[in-house]
Each structure stands twice: as structure tokens, then as C-alpha cells.
Amino acid sequence: MLIWLNMKLHRDQILRCWKGGIYAEEVKMENSNTDINSNSRMLPEQISEIVHRIFGPADLHVHPFLIGWYNELVGSKFALNVPEDTVAFVVISGPTIFEKCVIPFLRNQVGRNNSFCTIDPLDETMKFMFRLFLKELEAQGFETEAFHDFDLFPNRRPKVLVQTAAHVAGAAEYFLESRLTCLESIPKKKLFGVAVHPEYGGWFAIRGIIILKNVREKWEPPPPLNILPDESKIAFLLEQFTYNWKANIWRDVVPVKNDVRYSADFLEYLETDPNKRWDFIVQKGYLGDMECP
């Protein structure tokens, strides 16, 4: 058992998190940590070069972990059928992902084909970035498999629990109701779990994982982040996220590095009905003189 967790994340706890809808795009969190070699978890040099060349300018970042660390926490129902010592990394987007990645991608697509249109600009962008990244990895001889945060089985169960992946990779700390020892003052309703980044708080998103199927390591898991040692702050975070997430108070539970948060336009985009997000981008003038279809 991994002793660095205060309490094991049981399958039923994780299950109620995704049932509660926290994997919906509107409440995703954003992060911008770029240290891919922390805790002596060294990636091959050619991978580091691809990360910095493709993901870096787009405010996308990776944090390596071993599949065994993830499987240890999620149990058999969510375990990935990959050897335990297989290397993977979680992909996280920073608070400027909208301006540095989404809008440039859409402009490029419209420039190539002025009839281009997508009902989900953000997820379409992430699909493209993952494909581009995987193509580069495979050209270097790496066998890969990727899962997006929005990938689901036919029964609507997520293919990967991205918040748990970010937790074991040391990219963010995943807070659950089970961390609270005193619940008397909290309304009798389940509290949804949420991941927090040590520098960007809740202004980040966990976009998925990439598995390097032919890379094996014997790393030790990173130490716990211990972002919120005070239980009262954990309770405040979970209450705000569960009952008042649109106010974004929960995102500022820790001091935000350089005060970099989502832009007003990105927040408005996330609050826009998913079916109208393409229209929102067009009406804001991000794609020039293009008109809404």
C-alpha cells in the first residue's frame, strides 16, 4: 500500500465523484507546472524535447507516474490493464490554455478550411494536440496509448480517473470528503472531490493521460504535496466546490502564482451553453470576419 496517502481513495468514493459530474468541462481545473523531472523521475531526453516543443507553447504540461501507483488507488474496477512498472504521464493545461492553444488551433483550422466548425472547440483542440504529440512519440519508437478526461465507456463510466492520476503523479492534490474527521457542521449531502494545484489552485485542468507502453521504471512515488494541512480549509474547499462552484471561490483556496487565472473570455466561454460555444468564439471576433453558421 502506498503509505504517503493520508487515507486510501476507495472505489466508492471515486465513483461518486464522477457520478456527481465533476468531469464535466465547466468545472475542470487548470494547472501550469512544467517540471517533468521532479523527484528523480527522469524522462528520456527525446520525450522531454517533444514536450517542450509541442506542449510548452500551448501551456500544456506533463507529470510522469507509474501505472502501479494509479492502480493501487482505484481498485480493479478502474485499473488500467498495463504492467505496474509502465511509465505514463498526466497532461495538465495551464490558465492560459484558451489564448495559447485553443484559439490558435481554431484559427489554423479556419485558415485551412473556412467552413470548419466544431461543437466542442476545447475538446477538439485537445484531441488534435494529443494526436500531434503521440505521432511524434511513435516516430521515436515509443508505443503509446492515450485517454482523454472526456473518454467514457458505453455505460458512461470514465476510462481514466484523471484527478487520481494527477494526485499520484504529484501534479496536484486530490481532496475527498474522507479527509475530513469532523462532518457535524457540514450539510448532510455528499461533498464532491476536487484536485488543487500547488501554484495555480483551481485554475487548471487535467486533460488526460498518455501511457508509454514500452517504457518501464522502478521509481518511488513522490511525497505528498500537503497543500492544505488545515482540515477547516479542506472542508471550505469541498463545500465551495460542491455547493458554489460557479463562483470560483474554491479555485483561490491557495495563493495563485503571479495572479495568473483564467481570462474573462475563457470564464465566459466555460459558462456558455456547450451548444453555443462555437458561436461565442465567432461572435467575440477570435476568428476574424467569420460568421456563425
# chains A, B, ... in the order shown; residues from 1 in each chain; ligands from 1

call {"tool": "residues_around", "arguments": {"residues": "stretch 118-135 of chain A", "least_positions_apart": "3", "cutoff": "10 Å", "atoms": "only C-alpha atoms", "output": "ChimeraX atom specification"}}
result
/A:25,47,50-51,53-55,58,60,91,93,97-98,101-106,138-140,142-150,207-212,269-270,274-279,281

call {"tool": "select_by_dssp", "arguments": {"residues": "stretch 69-286 of chain A", "states": "strand (DSSP E or B)", "output": "PyMOL selection string"}}
result
chain A and resi 86-93+144-148+152+158+173-175+194-197+201+205-216

call {"tool": "write_last_selection", "arguments": {"atoms": "N, CA and C atoms", "output": "mmCIF file, in the first residue's frame"}}
result
data_model
loop_
_atom_site.group_PDB
_atom_site.id
_atom_site.type_symbol
_atom_site.label_atom_id
_atom_site.label_comp_id
_atom_site.auth_asym_id
_atom_site.auth_seq_id
_atom_site.Cartn_x
_atom_site.Cartn_y
_atom_site.Cartn_z
ATOM 1 N N THR A 86 4.974 0.299 -15.772
ATOM 2 C CA THR A 86 4.904 1.059 -17.022
ATOM 3 C C THR A 86 4.826 2.554 -16.725
ATOM 4 N N VAL A 87 5.577 3.336 -17.492
ATOM 5 C CA VAL A 87 5.592 4.788 -17.316
ATOM 6 C C VAL A 87 4.420 5.423 -18.068
ATOM 7 N N ALA A 88 3.798 6.373 -17.425
ATOM 8 C CA ALA A 88 2.747 7.179 -18.050
ATOM 9 C C ALA A 88 2.936 8.605 -17.567
ATOM 10 N N PHE A 89 2.241 9.529 -18.173
ATOM 11 C CA PHE A 89 2.207 10.866 -17.600
ATOM 12 C C PHE A 89 0.849 11.497 -17.789
ATOM 13 N N VAL A 90 0.515 12.293 -16.792
ATOM 14 C CA VAL A 90 -0.742 13.022 -16.826
ATOM 15 C C VAL A 90 -0.486 14.352 -17.522
ATOM 16 N N VAL A 91 -1.433 14.763 -18.358
ATOM 17 C CA VAL A 91 -1.309 16.013 -19.113
ATOM 18 C C VAL A 91 -2.218 17.058 -18.483
ATOM 19 N N ILE A 92 -1.632 18.200 -18.187
ATOM 20 C CA ILE A 92 -2.351 19.271 -17.500
ATOM 21 C C ILE A 92 -2.241 20.552 -18.309
ATOM 22 N N SER A 93 -3.320 21.316 -18.335
ATOM 23 C CA SER A 93 -3.291 22.609 -19.024
ATOM 24 C C SER A 93 -3.245 23.735 -18.014
ATOM 25 N N THR A 144 2.447 3.876 -27.629
ATOM 26 C CA THR A 144 1.648 4.761 -26.789
ATOM 27 C C THR A 144 0.178 4.355 -26.739
ATOM 28 N N GLU A 145 -0.464 4.820 -25.698
ATOM 29 C CA GLU A 145 -1.916 4.736 -25.564
ATOM 30 C C GLU A 145 -2.348 5.953 -24.761
ATOM 31 N N ALA A 146 -3.416 6.592 -25.187
ATOM 32 C CA ALA A 146 -3.846 7.823 -24.526
ATOM 33 C C ALA A 146 -5.312 7.757 -24.152
ATOM 34 N N PHE A 147 -5.639 8.431 -23.061
ATOM 35 C CA PHE A 147 -7.023 8.576 -22.619
ATOM 36 C C PHE A 147 -7.262 10.041 -22.278
ATOM 37 N N HIS A 148 -8.301 10.604 -22.868
ATOM 38 C CA HIS A 148 -8.703 11.962 -22.526
ATOM 39 C C HIS A 148 -9.583 11.942 -21.280
ATOM 40 N N LEU A 152 -15.223 7.988 -22.306
ATOM 41 C CA LEU A 152 -16.133 7.188 -21.492
ATOM 42 C C LEU A 152 -16.392 5.830 -22.133
ATOM 43 N N PRO A 158 -16.013 6.697 -16.765
ATOM 44 C CA PRO A 158 -14.786 7.237 -17.360
ATOM 45 C C PRO A 158 -13.724 6.158 -17.537
ATOM 46 N N GLU A 173 -3.081 17.843 -5.751
ATOM 47 C CA GLU A 173 -3.546 17.051 -4.615
ATOM 48 C C GLU A 173 -5.057 16.900 -4.718
ATOM 49 N N TYR A 174 -5.509 15.653 -4.631
ATOM 50 C CA TYR A 174 -6.919 15.328 -4.794
ATOM 51 C C TYR A 174 -7.557 15.236 -3.412
ATOM 52 N N PHE A 175 -8.483 16.137 -3.139
ATOM 53 C CA PHE A 175 -9.135 16.184 -1.836
ATOM 54 C C PHE A 175 -10.511 15.527 -1.905
ATOM 55 N N VAL A 194 -12.169 17.212 -5.343
ATOM 56 C CA VAL A 194 -11.599 18.158 -6.293
ATOM 57 C C VAL A 194 -10.081 18.178 -6.138
ATOM 58 N N ALA A 195 -9.387 18.368 -7.254
ATOM 59 C CA ALA A 195 -7.926 18.450 -7.252
ATOM 60 C C ALA A 195 -7.489 19.909 -7.232
ATOM 61 N N VAL A 196 -6.415 20.167 -6.506
ATOM 62 C CA VAL A 196 -5.872 21.523 -6.379
ATOM 63 C C VAL A 196 -4.392 21.489 -6.740
ATOM 64 N N HIS A 197 -3.968 22.467 -7.512
ATOM 65 C CA HIS A 197 -2.564 22.573 -7.902
ATOM 66 C C HIS A 197 -1.824 23.451 -6.895
ATOM 67 N N GLY A 201 -3.779 26.701 -7.750
ATOM 68 C CA GLY A 201 -5.044 26.426 -7.090
ATOM 69 C C GLY A 201 -5.971 25.634 -7.990
ATOM 70 N N ALA A 205 -6.589 22.507 -15.554
ATOM 71 C CA ALA A 205 -7.427 21.361 -15.931
ATOM 72 C C ALA A 205 -6.559 20.146 -16.185
ATOM 73 N N ILE A 206 -7.093 18.989 -15.863
ATOM 74 C CA ILE A 206 -6.406 17.725 -16.101
ATOM 75 C C ILE A 206 -6.996 17.145 -17.381
ATOM 76 N N ARG A 207 -6.193 17.071 -18.423
ATOM 77 C CA ARG A 207 -6.706 16.764 -19.757
ATOM 78 C C ARG A 207 -6.666 15.292 -20.134
ATOM 79 N N GLY A 208 -5.910 14.481 -19.407
ATOM 80 C CA GLY A 208 -5.853 13.066 -19.738
ATOM 81 C C GLY A 208 -4.505 12.475 -19.380
ATOM 82 N N ILE A 209 -4.285 11.238 -19.811
ATOM 83 C CA ILE A 209 -3.000 10.588 -19.567
ATOM 84 C C ILE A 209 -2.478 9.981 -20.863
ATOM 85 N N ILE A 210 -1.168 9.826 -20.929
ATOM 86 C CA ILE A 210 -0.508 9.152 -22.049
ATOM 87 C C ILE A 210 0.375 8.058 -21.466
ATOM 88 N N ILE A 211 0.205 6.845 -21.952
ATOM 89 C CA ILE A 211 0.959 5.689 -21.462
ATOM 90 C C ILE A 211 2.060 5.352 -22.455
ATOM 91 N N LEU A 212 3.271 5.174 -21.952
ATOM 92 C CA LEU A 212 4.403 4.724 -22.766
ATOM 93 C C LEU A 212 4.539 3.220 -22.542
ATOM 94 N N LYS A 213 3.910 2.438 -23.385
ATOM 95 C CA LYS A 213 3.740 1.011 -23.129
ATOM 96 C C LYS A 213 5.043 0.227 -23.146
ATOM 97 N N ASN A 214 6.083 0.767 -23.782
ATOM 98 C CA ASN A 214 7.357 0.050 -23.825
ATOM 99 C C ASN A 214 8.445 0.742 -23.002
ATOM 100 N N VAL A 215 8.024 1.531 -22.006
ATOM 101 C CA VAL A 215 8.981 2.169 -21.094
ATOM 102 C C VAL A 215 8.663 1.722 -19.674
ATOM 103 N N ARG A 216 9.632 1.122 -19.000
ATOM 104 C CA ARG A 216 9.451 0.627 -17.635
ATOM 105 C C ARG A 216 10.457 1.305 -16.705
#

call {"tool": "residues_around", "arguments": {"residues": "A:Leu80", "least_positions_apart": "6", "cutoff": "9 Å", "atoms": "only C-alpha atoms", "output": "MDAnalysis selection string"}}
result
chainID A and resid 67:68 70:71 159:160

call {"tool": "write_last_selection", "arguments": {"atoms": "all heavy atoms", "output": "PDB file, in the first residue's frame"}}
result
ATOM      1  N   ILE A  67       2.032   3.240 -13.629  1.00  0.00           N
ATOM      2  CA  ILE A  67       0.667   2.718 -13.653  1.00  0.00           C
ATOM      3  C   ILE A  67       0.307   2.052 -12.326  1.00  0.00           C
ATOM      4  O   ILE A  67      -0.832   2.143 -11.850  1.00  0.00           O
ATOM      5  CB  ILE A  67       0.496   1.721 -14.815  1.00  0.00           C
ATOM      6  CG1 ILE A  67       0.600   2.454 -16.165  1.00  0.00           C
ATOM      7  CG2 ILE A  67      -0.836   0.991 -14.707  1.00  0.00           C
ATOM      8  CD1 ILE A  67      -0.475   3.491 -16.400  1.00  0.00           C
ATOM      9  N   GLY A  68       1.274   1.403 -11.698  1.00  0.00           N
ATOM     10  CA  GLY A  68       1.009   0.734 -10.428  1.00  0.00           C
ATOM     11  C   GLY A  68       0.543   1.680  -9.344  1.00  0.00           C
ATOM     12  O   GLY A  68      -0.292   1.312  -8.502  1.00  0.00           O
ATOM     13  N   TYR A  70      -1.222   4.360  -9.742  1.00  0.00           N
ATOM     14  CA  TYR A  70      -2.624   4.668 -10.055  1.00  0.00           C
ATOM     15  C   TYR A  70      -3.528   3.482  -9.723  1.00  0.00           C
ATOM     16  O   TYR A  70      -4.546   3.624  -9.040  1.00  0.00           O
ATOM     17  CB  TYR A  70      -2.730   5.035 -11.533  1.00  0.00           C
ATOM     18  CG  TYR A  70      -4.137   5.190 -12.057  1.00  0.00           C
ATOM     19  CD1 TYR A  70      -4.812   6.403 -11.945  1.00  0.00           C
ATOM     20  CD2 TYR A  70      -4.788   4.121 -12.682  1.00  0.00           C
ATOM     21  CE1 TYR A  70      -6.104   6.546 -12.436  1.00  0.00           C
ATOM     22  CE2 TYR A  70      -6.074   4.259 -13.175  1.00  0.00           C
ATOM     23  CZ  TYR A  70      -6.732   5.471 -13.048  1.00  0.00           C
ATOM     24  OH  TYR A  70      -8.010   5.601 -13.529  1.00  0.00           O
ATOM     25  N   ASN A  71      -3.149   2.289 -10.187  1.00  0.00           N
ATOM     26  CA  ASN A  71      -3.977   1.103  -9.963  1.00  0.00           C
ATOM     27  C   ASN A  71      -4.148   0.799  -8.482  1.00  0.00           C
ATOM     28  O   ASN A  71      -5.189   0.289  -8.057  1.00  0.00           O
ATOM     29  CB  ASN A  71      -3.374  -0.106 -10.681  1.00  0.00           C
ATOM     30  CG  ASN A  71      -3.594  -0.062 -12.185  1.00  0.00           C
ATOM     31  OD1 ASN A  71      -4.340   0.770 -12.696  1.00  0.00           O
ATOM     32  ND2 ASN A  71      -2.931  -0.952 -12.906  1.00  0.00           N
ATOM     33  N   LYS A 159     -12.963   6.267 -18.603  1.00  0.00           N
ATOM     34  CA  LYS A 159     -11.906   5.295 -18.868  1.00  0.00           C
ATOM     35  C   LYS A 159     -10.694   5.514 -17.970  1.00  0.00           C
ATOM     36  O   LYS A 159      -9.909   4.590 -17.754  1.00  0.00           O
ATOM     37  CB  LYS A 159     -11.504   5.353 -20.341  1.00  0.00           C
ATOM     38  CG  LYS A 159     -12.599   4.866 -21.280  1.00  0.00           C
ATOM     39  CD  LYS A 159     -12.126   4.799 -22.720  1.00  0.00           C
ATOM     40  CE  LYS A 159     -13.212   4.214 -23.615  1.00  0.00           C
ATOM     41  NZ  LYS A 159     -12.772   4.095 -25.030  1.00  0.00           N
ATOM     42  N   VAL A 160     -10.544   6.717 -17.476  1.00  0.00           N
ATOM     43  CA  VAL A 160      -9.454   7.001 -16.543  1.00  0.00           C
ATOM     44  C   VAL A 160      -9.929   8.059 -15.563  1.00  0.00           C
ATOM     45  O   VAL A 160     -10.679   8.971 -15.925  1.00  0.00           O
ATOM     46  CB  VAL A 160      -8.183   7.479 -17.287  1.00  0.00           C
ATOM     47  CG1 VAL A 160      -8.427   8.784 -18.017  1.00  0.00           C
ATOM     48  CG2 VAL A 160      -7.008   7.620 -16.326  1.00  0.00           C
TER      49      VAL A 160
END

call {"tool": "select_by_dssp", "arguments": {"residues": "stretch 78-282 of chain A", "states": "alpha helix (DSSP H)", "output": "PyMOL selection string"}}
result
chain A and resi 97+103-112+121-139+162-168+231-243+264-271+277-282

call {"tool": "residues_around", "arguments": {"residues": "stretch 227-235 of chain A", "least_positions_apart": "6", "cutoff": "12 Å", "atoms": "only C-alpha atoms", "output": "MDAnalysis selection string"}}
result
chainID A and resid 6 167 170:187 190:201 241:243 250 252:255

call {"tool": "closest_residue", "arguments": {"among": "A:His61, A:Val74, A:Arg107, A:Glu99", "to": "A:Gly288", "atoms": "only C-alpha atoms"}}
result
A:Arg107

call {"tool": "atom_distance", "arguments": {"atom1": "atom CA of A:Pro224", "atom2": "atom CA of A:Ala79"}}
result
21.5 Å

call {"tool": "atom_distance", "arguments": {"atom1": "atom CA of A:Asp289", "atom2": "atom CA of A:Thr272"}}
result
21.2 Å

call {"tool": "closest_residue", "arguments": {"among": "A:Ile249, A:Leu238, A:Ala169, A:Cys117", "to": "A:Leu225", "atoms": "only C-alpha atoms"}}
result
A:Ala169

call {"tool": "closest_residue", "arguments": {"among": "A:Glu217, A:Glu45, A:Glu84, A:Glu136", "to": "A:Trp69", "atoms": "only C-alpha atoms"}}
result
A:Glu84

call {"tool": "closest_residue", "arguments": {"among": "A:Asn155, A:Thr164, A:Ser48, A:Asn113", "to": "A:Gly75", "atoms": "only C-alpha atoms"}}
result
A:Thr164
